[in-house]
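**Student:** run_29.csv is reproduced below (CSV, C-alpha atoms).
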```
chain,number,residue,atom,x,y,z
A,1,MET,CA,0.0,0.0,0.0
A,2,GLU,CA,1.3,3.5,-0.9
A,3,LYS,CA,2.5,5.4,2.1
A,4,LEU,CA,0.2,8.3,3.0
A,5,ARG,CA,1.8,11.7,2.9
A,6,GLU,CA,2.7,13.5,6.1
A,7,LYS,CA,0.3,16.3,7.0
A,8,GLY,CA,3.0,18.9,6.2
A,9,ASP,CA,3.4,17.6,2.7
A,10,LEU,CA,-0.3,18.2,1.7
A,11,PRO,CA,-1.0,21.4,-0.2
A,12,THR,CA,-2.9,24.0,1.8
A,13,LYS,CA,-5.3,26.5,0.4
A,14,VAL,CA,-5.3,30.0,1.8
A,15,PRO,CA,-8.9,31.0,2.9
A,16,SER,CA,-10.5,33.7,0.7
A,17,HIS,CA,-10.9,36.0,3.7
A,18,GLU,CA,-7.2,35.8,4.4
A,19,VAL,CA,-6.3,36.5,0.7
A,20,THR,CA,-8.7,39.5,0.8
A,21,TYR,CA,-7.1,40.8,4.0
A,22,CYS,CA,-3.6,40.5,2.6
A,23,ARG,CA,-4.5,42.3,-0.7
A,24,LEU,CA,-6.2,45.2,1.1
A,25,ARG,CA,-3.4,45.4,3.6
A,26,ASP,CA,-0.9,45.7,0.7
A,27,MET,CA,-3.0,48.4,-0.9
A,28,ILE,CA,-2.7,50.4,2.3
A,29,LEU,CA,0.9,49.6,3.0
A,30,PHE,CA,2.2,50.6,-0.4
A,31,GLY,CA,0.0,53.7,-0.8
A,32,GLN,CA,-2.6,52.6,-3.3
A,33,LEU,CA,-5.1,54.1,-0.9
A,34,ALA,CA,-3.9,57.6,0.0
A,35,PRO,CA,-4.3,59.0,3.5
A,36,GLY,CA,-7.7,60.7,3.7
A,37,GLN,CA,-9.1,59.1,0.6
A,38,ALA,CA,-12.5,57.7,1.4
A,39,VAL,CA,-13.8,54.6,-0.5
A,40,THR,CA,-17.0,52.7,-0.2
A,41,ILE,CA,-17.0,49.1,1.0
A,42,GLN,CA,-18.7,48.1,-2.3
A,43,GLY,CA,-16.0,50.0,-4.2
A,44,LEU,CA,-13.3,48.0,-2.3
A,45,ALA,CA,-15.1,44.8,-3.1
A,46,ALA,CA,-14.9,45.7,-6.8
A,47,MET,CA,-11.3,46.7,-6.6
A,48,LEU,CA,-10.3,43.5,-4.8
A,49,ASP,CA,-12.7,41.3,-6.9
A,50,ALA,CA,-13.9,39.8,-3.6
A,51,GLY,CA,-17.2,39.2,-1.9
A,52,MET,CA,-18.7,41.6,0.6
A,53,THR,CA,-18.2,39.3,3.6
A,54,PRO,CA,-14.4,38.8,3.3
A,55,VAL,CA,-14.0,42.5,2.5
A,56,ARG,CA,-16.0,43.5,5.7
A,57,GLU,CA,-13.8,41.0,7.7
A,58,ALA,CA,-10.6,42.6,6.2
A,59,ILE,CA,-11.9,46.0,7.1
A,60,ARG,CA,-12.7,45.0,10.6
A,61,ARG,CA,-9.2,43.6,11.1
A,62,LEU,CA,-7.4,46.6,9.6
A,63,THR,CA,-9.6,49.0,11.6
A,64,ALA,CA,-8.5,47.2,14.7
A,65,GLU,CA,-4.9,47.6,13.6
A,66,GLY,CA,-5.4,51.3,13.1
A,67,ALA,CA,-4.7,51.1,9.3
A,68,LEU,CA,-8.3,52.1,8.4
A,69,ALA,CA,-11.0,54.2,9.9
A,70,LEU,CA,-14.8,53.8,9.4
A,71,GLN,CA,-16.8,56.7,8.1
A,72,GLY,CA,-20.5,57.2,7.5
A,73,ASN,CA,-22.4,55.9,4.5
A,74,ARG,CA,-20.4,52.6,4.5
A,75,ARG,CA,-17.1,54.4,3.7
A,76,VAL,CA,-13.7,53.8,5.0
A,77,LEU,CA,-10.4,55.7,4.7
A,78,VAL,CA,-6.7,55.5,5.6
A,79,PRO,CA,-6.3,57.8,8.6
A,80,VAL,CA,-4.4,61.0,8.0
A,81,LEU,CA,-1.2,60.9,10.1
A,82,THR,CA,-0.8,63.7,12.5
A,83,ARG,CA,2.6,65.0,13.7
A,84,SER,CA,2.2,63.6,17.2
A,85,GLN,CA,1.3,60.2,15.8
A,86,MET,CA,4.3,60.3,13.4
A,87,GLU,CA,6.6,60.9,16.4
A,88,GLU,CA,5.1,58.0,18.3
A,89,LEU,CA,5.4,55.7,15.3
A,90,ALA,CA,9.0,56.9,14.8
A,91,PHE,CA,9.9,56.1,18.4
A,92,ALA,CA,8.2,52.7,18.3
A,93,ARG,CA,9.8,51.7,15.0
A,94,ALA,CA,13.3,52.8,16.0
A,95,THR,CA,13.0,50.9,19.3
A,96,ILE,CA,11.6,47.6,18.0
A,97,GLU,CA,13.4,47.4,14.7
A,98,HIS,CA,16.8,48.2,16.4
A,99,LYS,CA,16.1,45.2,18.6
A,100,LEU,CA,15.1,43.0,15.7
A,101,ALA,CA,18.3,43.8,13.8
A,102,SER,CA,20.3,43.0,16.9
A,103,LEU,CA,18.6,39.7,17.3
A,104,ALA,CA,18.9,38.9,13.6
A,105,ALA,CA,22.6,39.7,13.3
A,106,PRO,CA,24.0,36.4,14.7
A,107,ARG,CA,21.6,34.3,12.7
A,108,ILE,CA,22.4,35.9,9.3
A,109,THR,CA,24.1,33.5,6.9
A,110,ALA,CA,26.1,34.1,3.7
A,111,GLN,CA,23.1,33.1,1.7
A,112,ASP,CA,21.0,35.7,3.6
A,113,VAL,CA,23.5,38.4,2.7
A,114,ILE,CA,23.4,37.4,-1.0
A,115,ALA,CA,19.5,37.5,-1.0
A,116,LEU,CA,19.4,40.9,0.7
A,117,THR,CA,22.0,42.2,-1.7
A,118,ARG,CA,19.9,41.2,-4.6
A,119,ILE,CA,16.8,42.9,-3.0
A,120,ASP,CA,18.9,46.0,-2.5
A,121,ASP,CA,20.1,46.0,-6.1
A,122,ASP,CA,16.4,45.9,-7.1
A,123,ILE,CA,15.7,48.9,-4.8
A,124,ASN,CA,18.6,50.9,-6.3
A,125,ALA,CA,17.2,50.2,-9.8
A,126,ALA,CA,13.8,51.3,-8.7
A,127,ILE,CA,15.2,54.6,-7.3
A,128,ALA,CA,17.2,55.2,-10.5
A,129,ALA,CA,14.0,54.6,-12.6
A,130,GLY,CA,11.8,56.7,-10.4
A,131,ASP,CA,9.6,53.6,-9.7
A,132,VAL,CA,7.9,54.4,-6.4
A,133,ASN,CA,5.9,51.2,-6.2
A,134,ALA,CA,8.9,49.0,-6.8
A,135,TYR,CA,10.9,51.0,-4.2
A,136,LEU,CA,8.3,50.7,-1.5
A,137,ARG,CA,7.8,46.9,-2.1
A,138,GLY,CA,11.6,46.3,-2.2
A,139,ASN,CA,12.2,48.3,0.9
A,140,PHE,CA,9.6,46.3,2.7
A,141,ARG,CA,11.1,43.0,1.5
A,142,PHE,CA,14.6,44.1,2.6
A,143,HIS,CA,13.6,45.0,6.1
A,144,PHE,CA,11.3,42.0,6.8
A,145,THR,CA,13.6,39.5,5.2
A,146,LEU,CA,16.1,40.7,7.8
A,147,TYR,CA,13.7,40.9,10.7
A,148,GLU,CA,12.4,37.3,10.1
A,149,ARG,CA,15.9,36.1,10.9
A,150,ALA,CA,15.5,37.5,14.4
A,151,GLU,CA,13.0,34.6,15.2
A,152,ALA,CA,10.9,37.0,17.3
A,153,PRO,CA,7.4,36.7,15.9
A,154,ILE,CA,5.7,39.0,18.4
A,155,LEU,CA,8.1,41.9,17.6
A,156,VAL,CA,7.8,41.2,13.8
A,157,ALA,CA,4.0,41.3,14.1
A,158,MET,CA,4.1,44.6,16.0
A,159,THR,CA,6.4,46.0,13.3
A,160,HIS,CA,4.0,45.0,10.6
A,161,THR,CA,1.3,47.0,12.3
A,162,LEU,CA,3.6,50.0,12.7
A,163,TRP,CA,4.5,49.9,9.0
A,164,LEU,CA,0.8,49.8,8.1
A,165,ARG,CA,0.3,53.1,9.8
A,166,PHE,CA,3.6,54.7,8.5
A,167,GLY,CA,3.7,53.4,4.9
A,168,PRO,CA,0.9,55.5,3.4
A,169,SER,CA,2.6,58.7,4.5
A,170,LEU,CA,5.9,57.6,3.0
A,171,ARG,CA,4.1,57.1,-0.3
A,172,VAL,CA,3.0,60.7,-0.1
A,173,VAL,CA,6.6,61.8,0.4
A,174,CYS,CA,7.6,59.7,-2.6
A,175,GLY,CA,5.0,61.6,-4.7
A,176,ARG,CA,6.3,65.0,-3.6
A,177,PHE,CA,10.0,64.4,-3.7
A,178,GLY,CA,10.5,61.6,-6.2
A,179,THR,CA,12.8,58.6,-5.5
A,180,LEU,CA,16.3,60.1,-5.5
A,181,ASN,CA,16.2,61.2,-1.9
A,182,LEU,CA,14.3,58.3,-0.5
A,183,PRO,CA,15.6,56.6,2.7
A,184,ASP,CA,18.2,53.8,1.9
A,185,ARG,CA,20.9,53.0,4.4
A,186,HIS,CA,21.0,49.5,3.2
A,187,ASP,CA,24.7,49.6,2.1
A,188,GLU,CA,25.7,50.3,5.7
A,189,ALA,CA,23.4,47.5,6.9
A,190,LEU,CA,24.9,45.0,4.4
A,191,ALA,CA,28.4,46.0,5.3
A,192,ALA,CA,27.6,45.4,9.0
A,193,MET,CA,26.1,41.9,8.1
A,194,ARG,CA,29.3,40.9,6.2
A,195,ALA,CA,31.4,42.1,9.2
A,196,GLY,CA,29.2,40.3,11.7
A,197,ASP,CA,28.7,43.6,13.6
A,198,ALA,CA,25.4,43.5,15.4
A,199,ASP,CA,25.7,47.0,16.8
A,200,ALA,CA,26.5,48.5,13.4
A,201,LEU,CA,23.6,46.7,11.8
A,202,ALA,CA,21.2,48.0,14.5
A,203,ARG,CA,22.5,51.5,14.0
A,204,ALA,CA,22.1,51.3,10.2
A,205,VAL,CA,18.5,50.2,10.6
A,206,GLU,CA,17.8,53.0,13.1
A,207,ASP,CA,19.5,55.5,10.8
A,208,ASP,CA,17.4,54.3,7.8
A,209,ILE,CA,14.2,54.8,9.9
A,210,ALA,CA,15.3,58.2,11.0
A,211,GLN,CA,16.0,59.3,7.4
A,212,GLY,CA,12.5,58.3,6.4
A,213,VAL,CA,11.0,60.1,9.3
A,214,GLU,CA,12.9,63.3,8.4
A,215,GLN,CA,11.6,63.1,4.9
A,216,ILE,CA,8.1,63.1,6.2
A,217,ARG,CA,8.8,65.9,8.6
A,218,LEU,CA,10.1,68.0,5.7
A,219,SER,CA,6.9,67.4,3.7
A,220,LEU,CA,4.7,68.5,6.5
A,221,ASP,CA,3.4,72.0,5.5
A,222,SER,CA,0.3,71.5,7.5
A,223,PRO,CA,-0.5,69.8,10.9
A,224,GLU,CA,-1.3,66.6,9.0
A,225,ILE,CA,-0.1,64.7,6.0
```
Using structure tokens, write down the structure that the file contains.
**Tutor:**
Amino acid sequence: MEKLREKGDLPTKVPSHEVTYCRLRDMILFGQLAPGQAVTIQGLAAMLDAGMTPVREAIRRLTAEGALALQGNRRVLVPVLTRSQMEELAFARATIEHKLASLAAPRITAQDVIALTRIDDDINAAIAAGDVNAYLRGNFRFHFTLYERAEAPILVAMTHTLWLRFGPSLRVVCGRFGTLNLPDRHDEALAAMRAGDADALARAVEDDIAQGVEQIRLSLDSPEI
């Protein structure tokens, strides 16, 4: 008799509500929904090509995470980031991501450095081409590929939530200033990885965050962005 597969060998299907959540999350994270832009729930369902039930569930989860806010007439929007909120997010990101980089450093392999270098090459190409979407997606991949090596799932989950609230404003900055001055201290981070220097890696990550925060500060010509 043929041996049955182990449970882990069986293909798993991602539930439709989880797919819808991830797609809507990415629309927010990478700025496809601009801060303050109200959309109807029915409009989101059409954009996502999804049913109303999974869309409502995705909205519920993202509202709980602070990435969406409910409005009247069945509308939702990405909250406009205030100056005080930006400073809170900057503090939280610098603190948590510094720790993640420190934890990841001793676990980084030569293969990890090669993979991260390739991601950074793609980011540099996106900056040179003025491709904001590719930059944002590549920047996200670089940071979270690094953070996953920390083996600290609670901190990584917290960081995902912080990026959801920070990302839309970074997209606004990209639209105003273009890609040439976007935050990218990845060369320093990669050099620290090759040297096995955990402190230098954590500093490079913190400096990268600070550069992005400063770009948002410079773009603030009103109390909100």
**Student:** Looking at A:Leu33, A:Leu170, A:Met47, A:Met86, which one is nearest to Leu68 (chain A), with distances taken over only C-alpha atoms?
**Tutor:**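 Closest candidate: A:Leu33.
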**Student:** With only C-alpha atoms as the counted atoms, please give the residues lying no more than 10 Å from Val205 (chain A), apart from itself and same-chain residues fewer than 4 positions off, as JSON, numbers by chain.
**Tutor:** {"A": [93, 94, 97, 98, 99, 100, 101, 102, 143, 184, 185, 186, 188, 189, 200, 201, 209, 210, 211]}
**Student:** What does the structure give for the distance between CA of Ala50 (chain A) and CA of Cys22 (chain A), in Å to one decimal?
**Tutor:**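 Answer for the CA of Ala50 (chain A) to CA of Cys22 (chain A) separation: 12.0 Å.
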**Student:** Using all atoms listed in the file, pick whichever of A:Val39, A:Val76, A:Val19, A:Val156 has the shortest atom-to-atom distance to Pro54 (chain A).
**Tutor:** A:Val19
**Student:** Can you pull out every residue within 9 Å of Asp112 (chain A), counting all atoms listed in the file, but drop anything in the same chain fewer than 5 positions away, and send it as a list in words?
**Tutor:**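 Here the answer would be Thr117, Thr145, Leu146 and Arg149 of chain A.
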**Student:** Do a neighbour search on Phe142 (chain A) at 8 Å with all atoms listed in the file, toss out local chain neighbours closer than 3 positions, and write the hits as a list in words.
**Tutor:**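 Listed by chain and then number, they are Leu116, Ile119, Asp120, Gly138, Asn139, Thr145 and Leu146 of chain A.
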**Student:** Using only C-alpha atoms, which residue out of A:Leu89, A:Ile28, A:Leu103, A:Ile41 lies closest to Asn73 (chain A)?
**Tutor:**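 So, comparing all the options, the nearest one is A:Ile41.
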**Student:** Would you mind telling me which residue in A:Arg75, A:Lys13, A:Arg25, A:Arg60 lies nearest to Ala38 (chain A) when using only C-alpha atoms?
**Tutor:**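 Of the candidates, the smallest distance to Ala38 (chain A) is held by A:Arg75.
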**Student:** Can we get region 199-214 of chain A of that structure written down with N, CA and C atoms, as a PDB file, in the first residue's frame?
**Tutor:**
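Written output follows (decode.pdb):
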```pdb
ATOM      1  N   ASP A 199      25.966  45.596  16.434  1.00  0.00           N
ATOM      2  CA  ASP A 199      25.717  46.986  16.818  1.00  0.00           C
ATOM      3  C   ASP A 199      25.644  47.889  15.587  1.00  0.00           C
ATOM      4  N   ALA A 200      26.553  47.669  14.635  1.00  0.00           N
ATOM      5  CA  ALA A 200      26.549  48.489  13.424  1.00  0.00           C
ATOM      6  C   ALA A 200      25.291  48.229  12.591  1.00  0.00           C
ATOM      7  N   LEU A 201      24.825  46.988  12.558  1.00  0.00           N
ATOM      8  CA  LEU A 201      23.607  46.667  11.826  1.00  0.00           C
ATOM      9  C   LEU A 201      22.412  47.367  12.453  1.00  0.00           C
ATOM     10  N   ALA A 202      22.303  47.313  13.776  1.00  0.00           N
ATOM     11  CA  ALA A 202      21.191  47.965  14.462  1.00  0.00           C
ATOM     12  C   ALA A 202      21.223  49.477  14.241  1.00  0.00           C
ATOM     13  N   ARG A 203      22.429  50.071  14.252  1.00  0.00           N
ATOM     14  CA  ARG A 203      22.541  51.513  14.004  1.00  0.00           C
ATOM     15  C   ARG A 203      22.125  51.859  12.576  1.00  0.00           C
ATOM     16  N   ALA A 204      22.517  51.028  11.612  1.00  0.00           N
ATOM     17  CA  ALA A 204      22.148  51.291  10.213  1.00  0.00           C
ATOM     18  C   ALA A 204      20.642  51.250  10.035  1.00  0.00           C
ATOM     19  N   VAL A 205      19.984  50.286  10.668  1.00  0.00           N
ATOM     20  CA  VAL A 205      18.526  50.192  10.583  1.00  0.00           C
ATOM     21  C   VAL A 205      17.889  51.421  11.222  1.00  0.00           C
ATOM     22  N   GLU A 206      18.392  51.818  12.386  1.00  0.00           N
ATOM     23  CA  GLU A 206      17.839  52.989  13.066  1.00  0.00           C
ATOM     24  C   GLU A 206      18.044  54.256  12.232  1.00  0.00           C
ATOM     25  N   ASP A 207      19.208  54.391  11.606  1.00  0.00           N
ATOM     26  CA  ASP A 207      19.475  55.550  10.754  1.00  0.00           C
ATOM     27  C   ASP A 207      18.563  55.558   9.533  1.00  0.00           C
ATOM     28  N   ASP A 208      18.289  54.377   8.986  1.00  0.00           N
ATOM     29  CA  ASP A 208      17.398  54.256   7.836  1.00  0.00           C
ATOM     30  C   ASP A 208      16.003  54.746   8.204  1.00  0.00           C
ATOM     31  N   ILE A 209      15.527  54.347   9.369  1.00  0.00           N
ATOM     32  CA  ILE A 209      14.214  54.791   9.851  1.00  0.00           C
ATOM     33  C   ILE A 209      14.211  56.298  10.052  1.00  0.00           C
ATOM     34  N   ALA A 210      15.270  56.814  10.689  1.00  0.00           N
ATOM     35  CA  ALA A 210      15.345  58.248  10.968  1.00  0.00           C
ATOM     36  C   ALA A 210      15.331  59.072   9.689  1.00  0.00           C
ATOM     37  N   GLN A 211      15.969  58.572   8.641  1.00  0.00           N
ATOM     38  CA  GLN A 211      15.993  59.286   7.372  1.00  0.00           C
ATOM     39  C   GLN A 211      14.586  59.371   6.778  1.00  0.00           C
ATOM     40  N   GLY A 212      13.839  58.272   6.854  1.00  0.00           N
ATOM     41  CA  GLY A 212      12.466  58.281   6.359  1.00  0.00           C
ATOM     42  C   GLY A 212      11.576  59.224   7.150  1.00  0.00           C
ATOM     43  N   VAL A 213      11.752  59.231   8.466  1.00  0.00           N
ATOM     44  CA  VAL A 213      10.967  60.124   9.319  1.00  0.00           C
ATOM     45  C   VAL A 213      11.273  61.582   8.975  1.00  0.00           C
ATOM     46  N   GLU A 214      12.537  61.885   8.746  1.00  0.00           N
ATOM     47  CA  GLU A 214      12.921  63.255   8.423  1.00  0.00           C
ATOM     48  C   GLU A 214      12.307  63.696   7.099  1.00  0.00           C
TER      49      GLU A 214
END
```
